[in-house]
$ cat start-v1.cif   # mmCIF, C-alpha atoms and all ligand atoms
data_run
loop_
_atom_site.label_atom_id
_atom_site.label_comp_id
_atom_site.auth_asym_id
_atom_site.auth_seq_id
_atom_site.Cartn_x
_atom_site.Cartn_y
_atom_site.Cartn_z
CA MET N 1091 -6.12 -21.51 -12.83
CA LYS N 1092 -8.15 -21.94 -9.68
CA SER N 1093 -5.63 -24.34 -8.17
CA LEU N 1094 -3.01 -21.58 -8.21
CA ALA N 1095 -5.19 -19.19 -6.20
CA PRO N 1096 -3.46 -17.84 -3.08
CA GLN N 1097 -5.23 -17.81 0.26
CA PHE N 1098 -4.55 -14.08 0.71
CA ILE N 1099 -3.83 -11.14 -1.54
CA VAL N 1100 -2.76 -7.94 0.21
CA LYS N 1101 -2.41 -4.42 -1.13
CA ASP N 1102 0.98 -4.11 0.56
CA ILE N 1103 2.98 -5.82 3.29
CA SER N 1104 1.59 -3.54 6.03
CA TYR N 1105 -1.62 -5.59 5.85
CA ILE N 1106 0.33 -8.67 6.91
CA THR N 1107 0.08 -8.21 10.64
CA ASP N 1108 0.93 -10.39 13.60
CA LYS N 1109 -2.80 -11.15 13.80
CA VAL N 1110 -2.99 -12.41 10.21
CA LEU N 1111 0.12 -14.55 10.67
CA LYS N 1112 -1.18 -15.96 13.96
CA GLU N 1113 -4.41 -16.97 12.24
CA LEU N 1114 -2.30 -18.94 9.77
CA SER N 1115 -0.17 -20.41 12.59
CA VAL N 1116 2.94 -19.12 10.87
CA SER N 1117 6.34 -18.85 12.53
CA ASP N 1118 8.68 -18.62 9.53
CA ILE N 1119 8.40 -16.16 6.66
CA LEU N 1120 9.92 -16.74 3.22
CA LEU N 1121 10.01 -13.23 1.84
CA ASP N 1122 10.59 -11.98 -1.69
CA ILE N 1123 12.57 -8.74 -2.15
CA ASP N 1124 11.83 -7.07 -5.49
CA ASN N 1125 8.56 -5.21 -5.67
CA THR N 1126 7.47 -6.87 -2.43
CA ILE N 1127 9.60 -5.00 0.13
CA VAL N 1128 11.79 -2.83 -2.13
CA GLU N 1129 11.14 -1.39 -5.59
CA ARG N 1130 13.00 -3.42 -8.17
CA ASP N 1131 15.52 -0.74 -9.13
CA LYS N 1132 16.24 0.47 -5.58
CA THR N 1133 18.63 -0.80 -2.93
CA GLU N 1134 17.47 1.32 -0.01
CA VAL N 1135 14.77 -0.35 2.04
CA PRO N 1136 11.91 2.05 2.93
CA GLN N 1137 11.70 2.95 6.63
CA LYS N 1138 8.16 1.57 6.76
CA THR N 1139 9.42 -1.81 5.56
CA LYS N 1140 12.23 -1.83 8.11
CA GLU N 1141 9.76 -1.16 10.89
CA TRP N 1142 7.43 -3.91 9.64
CA ILE N 1143 10.24 -6.45 9.61
CA LEU N 1144 11.60 -5.38 13.00
CA SER N 1145 8.19 -5.58 14.63
CA LEU N 1146 7.69 -9.13 13.31
CA LYS N 1147 11.15 -10.17 14.40
CA LYS N 1148 10.41 -8.83 17.89
CA LYS N 1149 7.33 -11.05 17.96
CA GLY N 1150 9.57 -14.03 17.26
CA TYR N 1151 9.03 -14.69 13.56
CA ARG N 1152 12.03 -15.87 11.57
CA ILE N 1153 12.41 -14.05 8.27
CA PHE N 1154 14.28 -15.53 5.30
CA LEU N 1155 14.76 -13.56 2.11
CA VAL N 1156 14.21 -15.62 -1.02
CA SER N 1157 15.07 -13.55 -4.06
CA ASN N 1158 15.85 -14.12 -7.70
CA SER N 1159 17.90 -10.94 -7.57
CA LEU N 1160 21.69 -10.90 -7.73
CA SER N 1161 23.40 -11.82 -4.51
CA LYS N 1162 25.40 -8.61 -3.93
CA ARG N 1163 22.35 -6.37 -3.73
CA ALA N 1164 20.27 -8.95 -1.87
CA ASN N 1165 23.09 -9.44 0.65
CA LYS N 1166 23.12 -5.76 1.49
CA ILE N 1167 19.35 -5.73 1.97
CA ALA N 1168 19.45 -8.87 4.12
CA ARG N 1169 22.14 -7.30 6.33
CA ASP N 1170 20.23 -4.04 6.69
CA LEU N 1171 17.15 -5.96 7.82
CA TYR N 1172 18.89 -8.44 10.15
CA CYS N 1173 17.20 -11.31 8.38
CA ASP N 1174 17.65 -14.89 9.54
CA GLY N 1175 18.79 -16.08 6.15
CA LEU N 1176 18.98 -15.36 2.46
CA ILE N 1177 19.03 -17.19 -0.83
CA ALA N 1178 19.87 -15.13 -3.91
CA PRO N 1179 19.58 -15.92 -6.66
CA ALA N 1180 16.97 -18.39 -5.46
CA GLY N 1181 15.95 -19.75 -8.86
CA LYS N 1182 12.22 -19.49 -8.12
CA PRO N 1183 9.96 -21.27 -9.07
CA PHE N 1184 12.48 -24.12 -8.99
CA LEU N 1185 12.85 -25.85 -5.68
CA ARG N 1186 16.43 -26.99 -5.25
CA ARG N 1187 17.73 -23.97 -3.34
CA ILE N 1188 14.61 -23.32 -1.31
CA LYS N 1189 14.51 -26.96 -0.21
CA LYS N 1190 18.08 -26.65 1.01
CA LEU N 1191 17.11 -23.54 3.00
CA LEU N 1192 14.14 -25.34 4.55
CA ARG N 1193 16.31 -28.30 5.50
CA GLU N 1194 19.21 -26.32 6.92
CA ASN N 1195 16.98 -24.11 9.04
CA ARG N 1196 14.49 -26.78 10.04
CA ILE N 1197 11.63 -24.80 8.59
CA GLU N 1198 8.37 -26.74 8.78
CA LYS N 1199 6.15 -26.25 5.74
CA GLU N 1200 2.99 -26.13 7.86
CA LYS N 1201 4.41 -23.24 9.88
CA ALA N 1202 5.80 -21.27 6.96
CA VAL N 1203 4.39 -18.79 4.49
CA VAL N 1204 5.74 -17.43 1.21
CA ILE N 1205 5.22 -13.69 0.75
CA GLY N 1206 5.86 -12.26 -2.71
CA ASP N 1207 4.44 -10.34 -5.65
CA GLN N 1208 4.81 -12.69 -8.60
CA VAL N 1209 2.43 -15.43 -9.63
CA PHE N 1210 4.88 -17.45 -11.71
CA THR N 1211 7.80 -17.31 -9.28
CA ASP N 1212 6.65 -16.76 -5.68
CA LEU N 1213 3.16 -18.24 -5.84
CA LEU N 1214 4.09 -21.11 -8.15
CA MET N 1215 7.06 -22.04 -5.93
CA SER N 1216 4.83 -22.02 -2.86
CA LYS N 1217 2.28 -24.30 -4.54
CA ARG N 1218 4.96 -26.72 -5.68
CA LEU N 1219 6.37 -26.82 -2.14
CA GLY N 1220 2.99 -27.12 -0.46
CA ILE N 1221 3.53 -23.92 1.51
CA ARG N 1222 0.86 -21.25 1.78
CA CYS N 1223 1.33 -17.94 0.01
CA ILE N 1224 0.35 -14.34 0.61
CA LEU N 1225 0.49 -12.52 -2.68
CA VAL N 1226 1.37 -8.82 -2.46
CA LEU N 1227 0.41 -6.31 -5.17
CA PRO N 1228 3.72 -5.13 -6.73
CA LEU N 1229 5.28 -1.94 -5.36
CA SER N 1230 6.28 -0.44 -8.70
CA LYS N 1231 5.49 -0.91 -12.35
CA SER N 1232 9.15 -1.08 -13.31
CA ASP N 1233 10.08 -4.59 -14.32
CA LEU N 1234 12.56 -6.44 -16.46
CA PRO N 1235 11.34 -6.56 -20.11
CA HIS N 1236 10.69 -10.29 -20.03
CA THR N 1237 8.39 -9.93 -17.02
CA LYS N 1238 6.13 -7.38 -18.74
CA LEU N 1239 4.00 -9.92 -20.60
CA LEU N 1240 3.79 -12.09 -17.52
CA ARG N 1241 2.59 -9.05 -15.58
CA LEU N 1242 -0.34 -8.68 -17.98
CA ILE N 1243 -1.34 -12.28 -17.42
CA GLU N 1244 -0.76 -11.99 -13.69
CA GLY N 1245 -2.86 -8.84 -13.54
CA ARG N 1246 -5.86 -10.71 -14.95
CA LEU N 1247 -5.43 -13.69 -12.65
CA ILE N 1248 -5.05 -11.48 -9.60
CA LYS N 1249 -8.15 -9.47 -10.50
CA ASN N 1250 -10.17 -12.68 -10.78
CA TRP N 1251 -8.85 -14.03 -7.49
CA ILE N 1252 -9.60 -10.77 -5.67
CA ASN N 1253 -13.20 -11.04 -6.85
CA SER N 1254 -13.50 -14.72 -6.01
CA SER N 1255 -14.60 -16.17 -2.71
CA SER N 1256 -11.63 -18.51 -2.30
CA THR N 1257 -9.13 -15.68 -1.84
CA ILE N 1258 -9.21 -13.08 0.92
CA PHE N 1259 -8.20 -9.59 -0.15
CA LEU N 1260 -6.78 -7.20 2.45
CA GLY N 1261 -6.52 -3.55 1.41
CA GLU N 1262 -8.91 -0.78 0.56
CA GLY N 1263 -10.58 -0.77 -2.87
CA LYS N 1264 -10.51 -3.64 -5.34
MG MG V 1 9.22 -9.87 -6.67
#
$ encode --input "start-v1.cif" --output "structure tokens"
Amino acid sequence: MKSLAPQFIVKDISYITDKVLKELSVSDILLDIDNTIVERDKTEVPQKTKEWILSLKKKGYRIFLVSNSLSKRANKIARDLYCDGLIAPAGKPFLRRIKKLLRENRIEKEKAVVIGDQVFTDLLMSKRLGIRCILVLPLSKSDLPHTKLLRLIEGRLIKNWINSSSTIFLGEGK
């Protein structure tokens, strides 16, 4: 599964700084919601997350939420965070809706990055699109039942990638 390996894995979003994004020449962020910026069963966005998003927006990054979650909850989160756009449900890893978002907002693939916690939705979508991906370790262990088995597989892949030289891991401990 080497071809799926992300360029970066981070312990949490706070490691994704302006400096990291500048190194990648990123201007647009395609951001997952569940277990990336908010725990899956919560609707309130943590203050730390709000500050992270605001600071990036102030630096001029555009932030689009791309979530497989239901639209009502995702809409509320997108409003709270003053995001530039939202697709929910996004149907990741399928590309129809994300391609529409890229087109409508003139997002260039070379200047975009996908940030998310799941290998078979976020990372796979990014690979199929040809957009780079920063994989985030999931915020909570609570998941839908059908994602549990995938999580086991993901856990192994992620561990291997963290220990490999092709992926950069940001965060203390391994
Ligand atoms: Mg997620």
$ closest_residue --input "start-v1.cif" --among "N:Leu1094, N:Val1116, N:Leu1225, N:Ile1243" --to "ligand MG 1 (chain V)" --atoms "all atoms listed in the file"
N:Leu1225
$ atom_distance --input "start-v1.cif" --atom1 "atom CA of Asn1158 of chain N" --atom2 "atom MG of ligand MG 1 (chain V)"
7.9 Å
$ closest_atom_pairs --input "start-v1.cif" --of "chain N" --to "ligand MG 1 (chain V)" --cutoff "7 Å" --atoms "all atoms listed in the file" --output "Markdown table"
| residue | atom | partner | partner_atom | distance |
| --- | --- | --- | --- | --- |
| N:Asp1122 | CA | V:MG1 | MG | 5.6 |
| N:Ile1123 | CA | V:MG1 | MG | 5.7 |
| N:Asp1124 | CA | V:MG1 | MG | 4.0 |
| N:Asn1125 | CA | V:MG1 | MG | 4.8 |
| N:Thr1126 | CA | V:MG1 | MG | 5.5 |
| N:Gly1206 | CA | V:MG1 | MG | 5.7 |
| N:Asp1207 | CA | V:MG1 | MG | 4.9 |
| N:Gln1208 | CA | V:MG1 | MG | 5.6 |
$ atom_distance --input "start-v1.cif" --atom1 "atom CA of Lys1189 of chain N" --atom2 "atom CA of Lys1101 of chain N"
28.2 Å
$ residues_around --input "start-v1.cif" --residues "Val1204 of chain N" --least-positions-apart "3" --cutoff "8 Å" --atoms "only C-alpha atoms" --output "PDB file with C-alpha atoms, in the frame of the given file"
ATOM      1  CA  ILE N1119       8.400 -16.160   6.660  1.00  0.00           C
ATOM      2  CA  LEU N1120       9.920 -16.740   3.220  1.00  0.00           C
ATOM      3  CA  LEU N1121      10.010 -13.230   1.840  1.00  0.00           C
ATOM      4  CA  ASP N1122      10.590 -11.980  -1.690  1.00  0.00           C
ATOM      5  CA  ASP N1212       6.650 -16.760  -5.680  1.00  0.00           C
ATOM      6  CA  LEU N1213       3.160 -18.240  -5.840  1.00  0.00           C
ATOM      7  CA  SER N1216       4.830 -22.020  -2.860  1.00  0.00           C
ATOM      8  CA  ILE N1221       3.530 -23.920   1.510  1.00  0.00           C
ATOM      9  CA  ARG N1222       0.860 -21.250   1.780  1.00  0.00           C
ATOM     10  CA  CYS N1223       1.330 -17.940   0.010  1.00  0.00           C
ATOM     11  CA  ILE N1224       0.350 -14.340   0.610  1.00  0.00           C
TER      12      ILE N1224
END
$ closest_residue --input "start-v1.cif" --among "N:Lys1109, N:Arg1152, N:Arg1246, N:Lys1166" --to "Leu1192 of chain N" --atoms "only C-alpha atoms"
N:Arg1152
$ atom_distance --input "start-v1.cif" --atom1 "atom CA of Ile1188 of chain N" --atom2 "atom CA of Asn1250 of chain N"
28.6 Å
$ closest_residue --input "start-v1.cif" --among "N:Ala1178, N:Val1128, N:Ala1164, N:Ser1117" --to "Asp1102 of chain N" --atoms "all atoms listed in the file"
N:Val1128
$ closest_residue --input "start-v1.cif" --among "N:Ile1258, N:Leu1160, N:Leu1171, N:Ile1252" --to "Tyr1105 of chain N" --atoms "all atoms listed in the file"
N:Ile1258
$ closest_residue --input "start-v1.cif" --among "N:Leu1176, N:Leu1111, N:Ile1099, N:Ile1205" --to "Ile1127 of chain N" --atoms "all atoms listed in the file"
N:Ile1205
$ residues_around --input "start-v1.cif" --residues "Leu1185 of chain N" --least-positions-apart "4" --cutoff "10 Å" --atoms "only C-alpha atoms" --output "list in words"
Ala1180, Gly1181, Lys1189, Lys1190, Leu1191, Met1215, Ser1216, Arg1218 and Leu1219 of chain N
$ closest_residue --input "start-v1.cif" --among "N:Arg1187, N:Ser1157, N:Ser1254, N:Phe1210" --to "Arg1241 of chain N" --atoms "all atoms listed in the file"
N:Phe1210
$ residues_near_point --input "start-v1.cif" --point "(9.9, -15.0, 12.5)" --cutoff "12 Å" --atoms "all atoms listed in the file" --output "number ranges by chain"
N: 1108, 1111-1112, 1115-1121, 1142-1155, 1172-1175, 1197, 1201-1203
